[in-house]
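Colleague: Input structure: model-v2.cif, which contains mmCIF, C-alpha atoms and all ligand atoms.
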data_model
loop_
_atom_site.label_atom_id
_atom_site.label_comp_id
_atom_site.auth_asym_id
_atom_site.auth_seq_id
_atom_site.Cartn_x
_atom_site.Cartn_y
_atom_site.Cartn_z
CA MET A 247 -60.85 -4.26 3.94
CA ALA A 248 -60.72 -0.79 5.47
CA GLU A 249 -63.97 0.15 3.74
CA ILE A 250 -65.88 -2.76 5.23
CA ASP A 251 -64.42 -1.92 8.67
CA ASP A 252 -65.62 1.68 8.26
CA PHE A 253 -69.06 0.36 7.36
CA ARG A 254 -69.05 -1.87 10.44
CA SER A 255 -68.30 1.00 12.80
CA GLU A 256 -70.74 3.35 11.07
CA VAL A 257 -73.54 0.79 11.18
CA ALA A 258 -72.77 -0.22 14.78
CA GLY A 259 -73.10 3.44 15.81
CA TRP A 260 -76.32 3.85 13.83
CA LEU A 261 -77.86 0.71 15.33
CA LYS A 262 -76.95 1.72 18.85
CA GLU A 263 -78.63 5.07 18.38
CA ASN A 264 -81.63 3.98 16.31
CA CYS A 265 -82.71 0.56 17.54
CA PRO A 266 -85.27 1.25 20.31
CA ASP A 267 -85.14 -0.86 23.48
CA GLY A 268 -88.51 -2.37 22.60
CA ALA A 269 -87.07 -3.84 19.38
CA ARG A 270 -84.25 -5.72 21.11
CA GLY A 271 -84.33 -9.29 22.39
CA PRO A 272 -87.20 -11.70 21.77
CA GLY A 273 -90.57 -10.20 20.88
CA GLN A 274 -92.79 -8.88 18.11
CA ILE A 275 -91.45 -8.52 14.57
CA SER A 276 -93.47 -7.01 11.73
CA ASN A 277 -94.46 -9.33 8.90
CA GLY A 278 -96.05 -6.47 6.98
CA SER A 279 -99.66 -7.42 7.74
CA SER A 280 -102.09 -4.53 7.59
CA LYS A 281 -104.23 -6.49 10.08
CA ILE A 282 -101.69 -6.66 12.92
CA THR A 283 -101.03 -3.67 15.19
CA LEU A 284 -97.35 -3.13 15.90
CA GLU A 285 -95.97 -2.10 19.27
CA PRO A 286 -94.71 1.52 19.05
CA ASP A 287 -90.99 0.62 19.26
CA VAL A 288 -91.40 -2.15 16.69
CA ALA A 289 -93.15 0.26 14.30
CA LEU A 290 -90.44 2.88 14.87
CA TRP A 291 -87.67 0.34 14.26
CA LEU A 292 -89.32 -0.76 11.02
CA GLU A 293 -89.70 2.86 9.88
CA ARG A 294 -86.05 3.68 10.60
CA CYS A 295 -84.80 0.57 8.83
CA VAL A 296 -87.03 1.26 5.82
CA GLU A 297 -85.35 4.67 5.47
CA ARG A 298 -81.93 2.99 5.19
CA GLY A 299 -83.07 0.03 3.11
CA PHE A 300 -82.16 -2.31 5.98
CA THR A 301 -85.36 -4.39 5.77
CA VAL A 302 -83.91 -5.90 2.56
CA PRO A 303 -80.25 -4.89 2.63
CA THR A 304 -79.21 -6.65 -0.60
CA TRP A 305 -82.10 -5.49 -2.82
CA PRO A 306 -81.56 -2.64 -5.28
CA LYS A 307 -82.08 0.84 -3.84
CA GLU A 308 -84.67 1.72 -6.50
CA TYR A 309 -86.99 -0.92 -5.01
CA GLY A 310 -86.46 0.07 -1.38
CA GLY A 311 -83.40 -2.07 -0.67
CA GLY A 312 -80.07 -1.11 0.83
CA GLY A 313 -78.04 -1.93 -2.30
CA LEU A 314 -75.49 -3.80 -0.15
CA SER A 315 -73.36 -6.75 -1.26
CA PRO A 316 -73.87 -10.03 0.68
CA GLN A 317 -70.61 -9.33 2.60
CA TYR A 318 -71.83 -5.94 3.78
CA ALA A 319 -75.26 -7.34 4.62
CA LYS A 320 -73.53 -10.00 6.71
CA VAL A 321 -71.75 -7.25 8.67
CA LEU A 322 -75.11 -5.53 9.22
CA TYR A 323 -76.67 -8.76 10.56
CA GLU A 324 -73.64 -9.41 12.79
CA GLU A 325 -73.89 -5.92 14.29
CA MET A 326 -77.66 -6.34 14.78
CA GLY A 327 -76.85 -9.58 16.63
CA THR A 328 -74.30 -7.81 18.85
CA ILE A 329 -76.99 -5.54 20.32
CA SER A 330 -79.75 -8.22 20.10
CA ALA A 331 -81.66 -6.05 17.63
CA ARG A 332 -84.59 -7.91 16.12
CA VAL A 333 -84.73 -8.10 12.34
CA PRO A 334 -87.04 -5.21 11.39
CA LEU A 335 -89.20 -7.22 9.00
CA THR A 336 -89.86 -10.87 8.33
CA GLY A 337 -92.18 -13.00 6.22
CA MET A 338 -92.79 -14.38 2.77
CA GLY A 339 -92.76 -10.94 1.16
CA ILE A 340 -89.08 -10.31 1.69
CA SER A 341 -87.92 -13.93 1.72
CA MET A 342 -89.90 -15.42 -1.18
CA ILE A 343 -92.09 -13.34 -3.46
CA GLY A 344 -89.89 -10.21 -3.43
CA PRO A 345 -86.77 -11.92 -4.82
CA THR A 346 -88.94 -13.91 -7.26
CA LEU A 347 -90.54 -10.75 -8.65
CA LEU A 348 -87.11 -9.14 -8.93
CA GLU A 349 -86.13 -12.02 -11.23
CA TYR A 350 -89.38 -12.79 -13.06
CA GLY A 351 -91.63 -9.73 -12.68
CA THR A 352 -92.14 -7.14 -15.38
CA ASP A 353 -90.90 -3.60 -14.65
CA GLU A 354 -94.50 -2.64 -13.94
CA GLN A 355 -95.00 -5.56 -11.50
CA LYS A 356 -91.73 -4.79 -9.73
CA ALA A 357 -92.62 -1.10 -9.37
CA ARG A 358 -96.11 -1.94 -8.10
CA HIS A 359 -95.29 -4.64 -5.55
CA VAL A 360 -91.61 -4.68 -4.56
CA PRO A 361 -91.27 -1.28 -2.79
CA LYS A 362 -94.39 -2.06 -0.72
CA ILE A 363 -92.86 -5.39 0.27
CA ALA A 364 -89.61 -3.65 1.27
CA ARG A 365 -91.55 -1.14 3.35
CA GLY A 366 -93.47 -3.90 5.15
CA GLU A 367 -96.84 -2.70 3.91
CA MET A 368 -98.32 -6.08 3.03
CA GLN A 369 -98.13 -9.64 4.34
CA TRP A 370 -97.93 -12.43 1.78
CA CYS A 371 -98.93 -16.06 1.99
CA GLN A 372 -98.07 -19.06 -0.14
CA GLY A 373 -100.77 -20.93 -2.05
CA TYR A 374 -98.88 -24.04 -3.11
CA SER A 375 -99.90 -27.20 -1.18
CA GLU A 376 -103.28 -28.84 -1.74
CA PRO A 377 -104.92 -31.81 -0.01
CA ASN A 378 -103.67 -34.03 -2.88
CA ALA A 379 -100.53 -32.15 -3.84
CA GLY A 380 -97.73 -31.72 -1.27
CA SER A 381 -94.41 -33.32 -2.19
CA ASP A 382 -95.90 -34.02 -5.60
CA LEU A 383 -96.76 -30.35 -6.00
CA ALA A 384 -97.16 -30.48 -9.78
CA SER A 385 -100.33 -32.56 -9.27
CA LEU A 386 -102.15 -29.45 -8.04
CA SER A 387 -105.68 -29.02 -9.32
CA THR A 388 -106.85 -25.54 -8.27
CA ARG A 389 -108.09 -24.08 -11.57
CA ALA A 390 -107.72 -20.61 -13.02
CA GLU A 391 -109.80 -19.74 -16.08
CA ASP A 392 -108.95 -16.90 -18.41
CA LYS A 393 -111.86 -14.41 -18.43
CA GLY A 394 -110.36 -11.70 -20.56
CA ASP A 395 -109.08 -9.05 -18.16
CA HIS A 396 -108.88 -11.41 -15.17
CA PHE A 397 -108.57 -15.04 -14.09
CA LEU A 398 -111.31 -16.81 -12.14
CA ILE A 399 -109.92 -19.19 -9.52
CA ASN A 400 -111.69 -22.20 -8.01
CA GLY A 401 -110.29 -24.88 -5.73
CA GLN A 402 -108.54 -25.34 -2.41
CA LYS A 403 -105.12 -24.91 -0.83
CA ILE A 404 -103.98 -26.25 2.53
CA TRP A 405 -101.34 -25.50 5.19
CA THR A 406 -101.40 -21.84 4.11
CA SER A 407 -99.20 -20.23 6.77
CA GLY A 408 -100.43 -16.84 7.91
CA ALA A 409 -103.46 -16.87 5.57
CA ALA A 410 -105.72 -15.39 8.25
CA THR A 411 -103.72 -12.14 8.44
CA ALA A 412 -102.18 -12.03 4.96
CA ASP A 413 -103.06 -9.27 2.51
CA TRP A 414 -101.87 -11.02 -0.67
CA MET A 415 -101.18 -14.54 -1.87
CA PHE A 416 -98.85 -15.89 -4.53
CA ILE A 417 -100.45 -18.97 -5.98
CA LEU A 418 -99.76 -21.88 -8.33
CA VAL A 419 -102.84 -22.73 -10.38
CA ARG A 420 -103.72 -25.06 -13.23
CA THR A 421 -104.43 -23.10 -16.39
CA ASP A 422 -104.20 -25.95 -18.91
CA PRO A 423 -105.65 -29.24 -17.60
CA ASP A 424 -104.84 -31.06 -20.86
CA ALA A 425 -101.10 -30.30 -20.88
CA PRO A 426 -98.53 -32.59 -19.16
CA LYS A 427 -98.76 -31.71 -15.46
CA HIS A 428 -95.70 -29.40 -15.20
CA ASP A 429 -96.68 -27.53 -18.37
CA GLY A 430 -100.22 -26.51 -17.44
CA ILE A 431 -99.38 -24.45 -14.33
CA SER A 432 -99.31 -20.67 -13.95
CA PHE A 433 -98.02 -18.41 -11.17
CA MET A 434 -100.16 -15.44 -10.16
CA LEU A 435 -100.83 -12.97 -7.36
CA LEU A 436 -104.18 -12.17 -5.80
CA THR A 437 -105.50 -10.15 -2.93
CA MET A 438 -106.89 -12.09 0.04
CA ASP A 439 -109.46 -9.40 0.79
CA GLN A 440 -112.14 -10.40 -1.73
CA PRO A 441 -115.41 -12.34 -1.44
CA GLY A 442 -114.07 -15.36 -3.39
CA VAL A 443 -111.37 -16.19 -0.83
CA THR A 444 -112.19 -17.86 2.50
CA THR A 445 -109.77 -19.15 5.11
CA ARG A 446 -110.44 -21.77 7.76
CA PRO A 447 -107.89 -22.05 10.58
CA ILE A 448 -106.31 -25.45 11.23
CA ARG A 449 -106.17 -25.78 15.01
CA LEU A 450 -103.10 -27.51 16.38
CA ILE A 451 -102.95 -29.58 19.55
CA SER A 452 -101.38 -26.53 21.26
CA GLY A 453 -104.54 -24.54 20.50
CA SER A 454 -102.72 -22.18 18.18
CA SER A 455 -103.42 -21.97 14.48
CA PRO A 456 -100.41 -20.94 12.41
CA PHE A 457 -101.94 -22.09 9.15
CA CYS A 458 -105.26 -22.43 7.34
CA GLU A 459 -107.19 -24.17 4.64
CA THR A 460 -107.87 -21.62 1.92
CA PHE A 461 -110.88 -21.91 -0.38
CA PHE A 462 -111.35 -20.20 -3.75
CA ASP A 463 -114.86 -19.75 -4.99
CA ASN A 464 -114.73 -17.59 -8.13
CA ALA A 465 -111.80 -15.65 -6.69
CA VAL A 466 -110.21 -13.10 -8.99
CA ALA A 467 -106.59 -12.55 -9.98
CA LYS A 468 -106.04 -9.60 -12.28
CA LYS A 469 -104.40 -10.26 -15.65
CA GLU A 470 -101.60 -7.85 -14.73
CA ASP A 471 -100.79 -10.12 -11.76
CA LEU A 472 -99.84 -13.13 -13.87
CA VAL A 473 -96.10 -13.57 -13.29
CA SER A 474 -94.14 -14.75 -16.34
CA GLU A 475 -96.12 -16.36 -19.16
CA LEU A 476 -99.30 -18.39 -19.00
CA ASN A 477 -98.51 -22.08 -18.33
CA LYS A 478 -94.88 -21.26 -17.48
CA GLY A 479 -95.54 -20.98 -13.76
CA TRP A 480 -93.70 -24.14 -12.74
CA THR A 481 -90.31 -22.52 -13.47
CA VAL A 482 -91.25 -19.45 -11.40
CA GLY A 483 -92.70 -21.61 -8.62
CA LYS A 484 -89.53 -23.70 -8.40
CA ARG A 485 -87.33 -20.61 -8.23
CA LEU A 486 -89.46 -19.26 -5.40
CA LEU A 487 -88.93 -22.55 -3.55
CA GLN A 488 -85.18 -22.04 -3.90
CA PHE A 489 -85.52 -18.65 -2.21
CA GLU A 490 -87.67 -20.26 0.50
CA ARG A 491 -85.13 -23.05 1.02
CA SER A 492 -82.20 -20.66 1.09
CA GLY A 493 -84.01 -18.74 3.86
CA ILE A 494 -84.75 -21.88 5.87
CA GLY A 495 -81.17 -23.10 5.36
CA GLY A 496 -79.70 -19.79 6.54
CA LEU A 497 -78.16 -18.87 3.17
CA SER A 498 -79.70 -15.41 3.28
CA GLY A 499 -77.23 -14.33 5.96
CA ALA A 500 -79.81 -13.39 8.59
CA ALA A 501 -79.13 -15.17 11.86
CA ARG A 502 -81.26 -18.29 12.32
CA GLY A 503 -81.75 -20.35 15.43
CA THR A 504 -79.61 -20.39 18.54
CA SER A 505 -76.16 -18.85 18.07
CA GLY A 506 -72.96 -20.62 19.11
CA GLN A 507 -72.27 -18.00 21.78
CA THR A 508 -75.76 -18.46 23.23
CA LEU A 509 -75.21 -22.22 23.50
CA ILE A 510 -71.96 -21.67 25.41
CA ARG A 511 -73.62 -19.17 27.76
CA VAL A 512 -76.62 -21.46 28.37
CA ALA A 513 -74.24 -24.37 29.04
CA LYS A 514 -72.28 -22.33 31.59
CA ASP A 515 -75.46 -21.02 33.23
CA TYR A 516 -77.15 -24.41 33.58
CA VAL A 517 -74.31 -26.96 33.67
CA GLY A 518 -71.72 -24.83 35.44
CA GLU A 519 -68.29 -23.45 34.64
CA GLN A 520 -64.82 -24.76 35.55
CA ASP A 521 -61.58 -23.02 34.50
CA SER A 522 -63.66 -20.82 32.19
CA LYS A 523 -64.97 -23.94 30.41
CA ILE A 524 -68.30 -25.76 30.41
CA ALA A 525 -67.99 -27.98 33.49
CA ASP A 526 -69.26 -31.27 31.98
CA SER A 527 -66.77 -32.66 29.42
CA GLY A 528 -69.43 -34.67 27.52
CA LEU A 529 -71.69 -31.65 27.06
CA ARG A 530 -68.66 -29.48 26.29
CA ARG A 531 -67.82 -31.83 23.39
CA LYS A 532 -71.40 -31.68 22.12
CA VAL A 533 -71.41 -27.86 22.14
CA LEU A 534 -68.01 -27.79 20.46
CA ASN A 535 -69.05 -30.23 17.71
CA LEU A 536 -72.22 -28.33 17.00
CA ASN A 537 -70.45 -24.97 16.90
CA MET A 538 -67.77 -26.36 14.57
CA ASN A 539 -70.45 -27.74 12.24
CA ARG A 540 -72.17 -24.37 12.33
CA ALA A 541 -68.94 -22.52 11.51
CA ALA A 542 -68.18 -24.90 8.62
CA PHE A 543 -71.74 -24.49 7.35
CA GLN A 544 -71.54 -20.70 7.51
CA ILE A 545 -68.28 -20.61 5.57
CA THR A 546 -69.72 -22.97 2.95
CA ALA A 547 -72.86 -20.83 2.70
CA GLN A 548 -70.75 -17.71 2.27
CA ARG A 549 -68.72 -19.38 -0.51
CA ALA A 550 -71.89 -20.53 -2.27
CA ASN A 551 -73.31 -17.01 -2.07
CA GLU A 552 -70.14 -15.44 -3.42
CA GLU A 553 -70.09 -17.89 -6.33
CA ASN A 554 -73.63 -16.86 -7.32
CA LYS A 555 -74.34 -13.41 -8.64
CA SER A 556 -77.95 -13.47 -7.45
CA GLY A 557 -76.83 -14.57 -3.96
CA THR A 558 -79.08 -17.63 -4.17
CA PRO A 559 -77.85 -20.78 -5.88
CA GLY A 560 -80.19 -23.02 -7.89
CA ALA A 561 -80.80 -26.68 -7.07
CA ALA A 562 -77.87 -26.60 -4.62
CA THR A 563 -80.09 -24.65 -2.20
CA SER A 564 -81.54 -28.06 -1.32
CA ILE A 565 -78.20 -28.99 0.28
CA PHE A 566 -78.39 -25.94 2.51
CA LYS A 567 -82.04 -26.51 3.31
CA LEU A 568 -81.39 -30.13 4.27
CA PHE A 569 -78.31 -29.46 6.39
CA GLY A 570 -79.33 -26.03 7.75
CA ALA A 571 -82.72 -27.27 8.96
CA ALA A 572 -81.07 -30.22 10.75
CA LEU A 573 -78.51 -27.88 12.31
CA GLN A 574 -81.24 -25.63 13.69
CA GLN A 575 -83.08 -28.65 15.09
CA ASP A 576 -79.87 -30.01 16.64
CA SER A 577 -78.98 -26.73 18.33
CA ALA A 578 -82.51 -26.29 19.73
CA GLU A 579 -82.36 -29.88 20.98
CA LEU A 580 -78.96 -29.31 22.59
CA LYS A 581 -80.08 -26.06 24.24
CA ARG A 582 -83.04 -27.92 25.70
CA GLU A 583 -80.75 -30.72 26.91
CA LEU A 584 -78.37 -28.21 28.53
CA MET A 585 -81.29 -26.70 30.43
CA GLY A 586 -82.34 -30.11 31.74
CA PHE A 587 -85.96 -30.31 32.86
CA ARG A 588 -86.11 -26.50 32.76
CA GLY A 589 -85.90 -26.77 28.98
CA LEU A 590 -89.25 -28.55 28.95
CA GLY A 591 -91.45 -25.75 30.23
CA ALA A 592 -94.97 -25.49 28.87
CA HIS A 593 -96.64 -22.10 28.71
CA GLU A 594 -99.13 -22.69 31.45
CA GLU A 595 -96.47 -23.82 33.92
CA VAL A 596 -95.30 -21.35 36.52
CA GLY A 597 -91.72 -20.73 37.52
CA PHE A 598 -90.06 -21.05 34.12
CA THR A 599 -88.14 -18.05 32.79
CA GLU A 600 -89.05 -16.50 29.45
CA GLU A 601 -85.86 -17.92 27.91
CA GLU A 602 -86.79 -21.44 29.10
CA LEU A 603 -90.31 -21.22 27.72
CA LEU A 604 -88.96 -19.92 24.41
CA ALA A 605 -86.43 -22.78 24.30
CA THR A 606 -89.25 -25.33 24.53
CA GLU A 607 -91.30 -23.48 21.96
CA GLU A 608 -88.34 -23.24 19.57
CA TRP A 609 -87.50 -26.93 20.01
CA LEU A 610 -91.07 -27.96 19.17
CA HIS A 611 -91.51 -25.45 16.36
CA LEU A 612 -88.28 -26.42 14.62
CA ARG A 613 -89.60 -29.96 14.09
CA THR A 614 -91.44 -28.42 11.12
CA THR A 615 -88.36 -27.12 9.27
CA THR A 616 -87.68 -30.56 7.81
CA ILE A 617 -91.22 -30.63 6.33
CA TYR A 618 -92.14 -27.19 4.98
CA GLY A 619 -90.44 -25.88 1.86
CA GLY A 620 -90.23 -29.55 0.83
CA SER A 621 -89.46 -32.46 3.16
CA ASN A 622 -85.99 -33.94 3.74
CA GLU A 623 -86.73 -36.81 1.38
CA ILE A 624 -87.67 -34.39 -1.40
CA GLN A 625 -84.47 -32.35 -0.84
CA ALA A 626 -82.43 -35.57 -0.99
CA ASN A 627 -84.17 -36.46 -4.29
CA ILE A 628 -83.36 -33.02 -5.75
CA ILE A 629 -79.73 -33.24 -4.65
CA ALA A 630 -79.43 -36.73 -6.18
CA LYS A 631 -81.03 -35.76 -9.50
CA ARG A 632 -80.24 -32.09 -10.07
CA VAL A 633 -76.95 -31.59 -8.22
CA LEU A 634 -75.23 -34.98 -8.47
CA GLY A 635 -76.85 -35.98 -11.78
CA LEU A 636 -77.68 -39.50 -10.56
CA PRO A 637 -80.12 -41.55 -12.65
CA GLU A 638 -83.83 -41.80 -11.64
C1 LIG B 1 -95.19 -25.57 9.50
C2 LIG B 1 -95.60 -25.77 8.08
C3 LIG B 1 -95.94 -24.67 7.32
C4 LIG B 1 -96.34 -24.83 6.00
N1 LIG B 1 -96.70 -23.71 5.28
C5 LIG B 1 -97.12 -23.85 4.00
C6 LIG B 1 -97.56 -22.70 3.26
O1 LIG B 1 -97.55 -21.57 3.75
N2 LIG B 1 -98.02 -22.88 2.02
C7 LIG B 1 -98.04 -24.10 1.42
O2 LIG B 1 -98.43 -24.17 0.26
N3 LIG B 1 -97.65 -25.22 2.09
C8 LIG B 1 -97.19 -25.11 3.38
N4 LIG B 1 -96.81 -26.24 4.10
C9 LIG B 1 -96.97 -27.54 3.48
C10 LIG B 1 -95.65 -28.23 3.11
O3 LIG B 1 -95.07 -27.64 1.98
C11 LIG B 1 -95.98 -29.71 2.88
O4 LIG B 1 -96.38 -30.24 4.14
C12 LIG B 1 -94.81 -30.49 2.36
O5 LIG B 1 -94.48 -30.09 1.07
C13 LIG B 1 -95.08 -32.02 2.38
O6 LIG B 1 -96.29 -32.30 1.73
P1 LIG B 1 -97.42 -33.18 2.44
O7 LIG B 1 -97.65 -32.64 3.80
O8 LIG B 1 -98.57 -33.26 1.51
O9 LIG B 1 -96.77 -34.62 2.64
P2 LIG B 1 -96.66 -35.78 1.55
O10 LIG B 1 -96.26 -35.21 0.24
O11 LIG B 1 -97.91 -36.59 1.61
O12 LIG B 1 -95.46 -36.62 2.13
C14 LIG B 1 -95.59 -37.53 3.22
C15 LIG B 1 -94.25 -38.20 3.45
O13 LIG B 1 -93.87 -38.96 2.27
C16 LIG B 1 -92.55 -38.57 1.85
N5 LIG B 1 -92.48 -38.55 0.39
C17 LIG B 1 -93.41 -38.04 -0.46
N6 LIG B 1 -92.99 -38.18 -1.73
C18 LIG B 1 -91.77 -38.77 -1.69
C19 LIG B 1 -90.82 -39.18 -2.69
N7 LIG B 1 -91.03 -38.97 -3.98
N8 LIG B 1 -89.66 -39.75 -2.28
C20 LIG B 1 -89.41 -39.95 -0.95
N9 LIG B 1 -90.29 -39.59 0.05
C21 LIG B 1 -91.44 -39.01 -0.32
C22 LIG B 1 -92.37 -37.14 2.40
O14 LIG B 1 -91.01 -36.85 2.58
C23 LIG B 1 -93.11 -37.23 3.74
O15 LIG B 1 -92.27 -37.76 4.72
C24 LIG B 1 -96.39 -26.11 5.42
C25 LIG B 1 -96.04 -27.23 6.20
C26 LIG B 1 -95.66 -27.07 7.51
C27 LIG B 1 -95.28 -28.27 8.31
#
Mind turning the file's structure into structure tokens?
Modeller:
Amino acid sequence: MAEIDDFRSEVAGWLKENCPDGARGPGQISNGSSKITLEPDVALWLERCVERGFTVPTWPKEYGGGGLSPQYAKVLYEEMGTISARVPLTGMGISMIGPTLLEYGTDEQKARHVPKIARGEMQWCQGYSEPNAGSDLASLSTRAEDKGDHFLINGQKIWTSGAATADWMFILVRTDPDAPKHDGISFMLLTMDQPGVTTRPIRLISGSSPFCETFFDNAVAKKEDLVSELNKGWTVGKRLLQFERSGIGGLSGAARGTSGQTLIRVAKDYVGEQDSKIADSGLRRKVLNLNMNRAAFQITAQRANEENKSGTPGAATSIFKLFGAALQQDSAELKRELMGFRGLGAHEEVGFTEEELLATEEWLHLRTTTIYGGSNEIQANIIAKRVLGLPE
């Protein structure tokens, strides 16, 4: 116990000294893209964290990680939260493809890609969904043909988050159209900066465009970027989804969504305070229930992590994805309710504080967490079949 306490005080001191003011509170976070300019403090914060392996605290040191156990990483995240330090790096590199390569990549692939991911030198995007393959992902039809030293890719993906700024994509492609659908899929990596790859932004009603359609017209993936064996990509692709779901569900340990303390503060600020309590008893009960659910969820997540050597369970991640996504939605909804009409500020309105505008944005954005990474219904199906062993 003493050792972990020593780590906590050492890391708290380091964070206080090394986290620049411009990397605290809401604001820019690097996703590794070579096409996005970072604010100076954000770049400095990333650089300092890279030196200590804090962008990926639990990864092995030889690949740029911090070599910390999940318990120590949790302490790090808690101390970052205490000073409102932003996470130094985010994105699909560290949350999805990095851990997948650590499990399925060859030594050469790990050495080539993983340290760059840890250093935030490339942004990754996910080429999974297609116009006719979403929940039924194994129906995908984007083809990859073996051309000796490379694969030639033709087809289309959709809902590719971040494709416009990404440097690399991990993709599921059909390499054997005659095999049963799960057996003819391969998992490969390709650079986005090549003539055969085009992205077309999908404009949302808000005017923003977080994702794209991605078209492949004789795009090239090098042979050395085939992960695992040819036609064995479904296993790799499913494992990556477990990493994605564990991130969405909050299993990775990094803080997600509104914290319990923030909810209490917002309630006191907007609803009022009486005898050091939230003034309205109905809202007080709502905050209490949500915070108790959150605490129970966090303890369960910690237990699940400790029971799994890799830190990420298998099919059971669907439980955390299902419940964790709902919890994030519920807390954003409650924060908005506590703020009253001030929690419904649109960007172009005047007079709303930054926190209020962010609360609205978060509330709207979190509607998507029960869709991406596999919808609620799909998670419920996985839990029924793979965790509970219920018949089809
Ligand atoms: C914000 C956001 C970001 C995304 N980013 C990416 C990305 O970067 N890369 C990527 O590849 N994809 C991405 N997606 C796509 C996402 O993975 C799909 O939207 C999701 O898998 C659902 O597929 P679909 O949209 O085709 O819906 P469909 O599969 O058509 O499903 C429609 C509805 O039918 C239900 N349904 C379907 N099948 C079943 C079943 N067997 N049992 C019960 N109900 C069922 C679903 O739950 C859903 O409610 C993103 C989506 C969102 C919202």
Colleague: Within 8 Å of (-81.2, -3.7, -1.3), in the coordinates the file gives, what residues turn up when you count all atoms listed in the file, written out as a list in words?
Modeller: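 Residues with an atom at most 8 Å from (-81.2, -3.7, -1.3): Gly299, Phe300, Val302, Pro303, Thr304, Trp305, Pro306, Lys307, Tyr309, Gly310, Gly311, Gly312, Gly313 and Leu314 of chain A.
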Colleague: Quick one: distance from atom CA of Thr421 of chain A to atom CA of Leu435 of chain A in Å, one decimal?
Modeller: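 That distance, rounded to one decimal, is 14.0 Å.
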Colleague: For segment 290-295 of chain A, find every residue with an atom within 7 Å (counting all atoms listed in the file), except residues of its own chain fewer than 2 positions away, and show them as a list in words.
Modeller: Cys265, Pro266, Ala269, Pro286, Asp287, Val288, Glu297, Arg298, Gly299, Phe300, Thr301, Pro334 and Leu335 of chain A
Colleague: Can you tell me which residues come within 10 Å of ligand LIG 1 (chain B) when counting all atoms listed in the file, ideally as number ranges by chain?
Modeller: A: 338, 370-383, 403-409, 415-418, 456-460, 487, 611-628
Colleague: One number please: atom CA of Val482 of chain A to atom CA of Asn400 of chain A, in Å, one decimal.
Modeller: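 Pair atom CA of Val482 of chain A / atom CA of Asn400 of chain A returns 20.9 Å.
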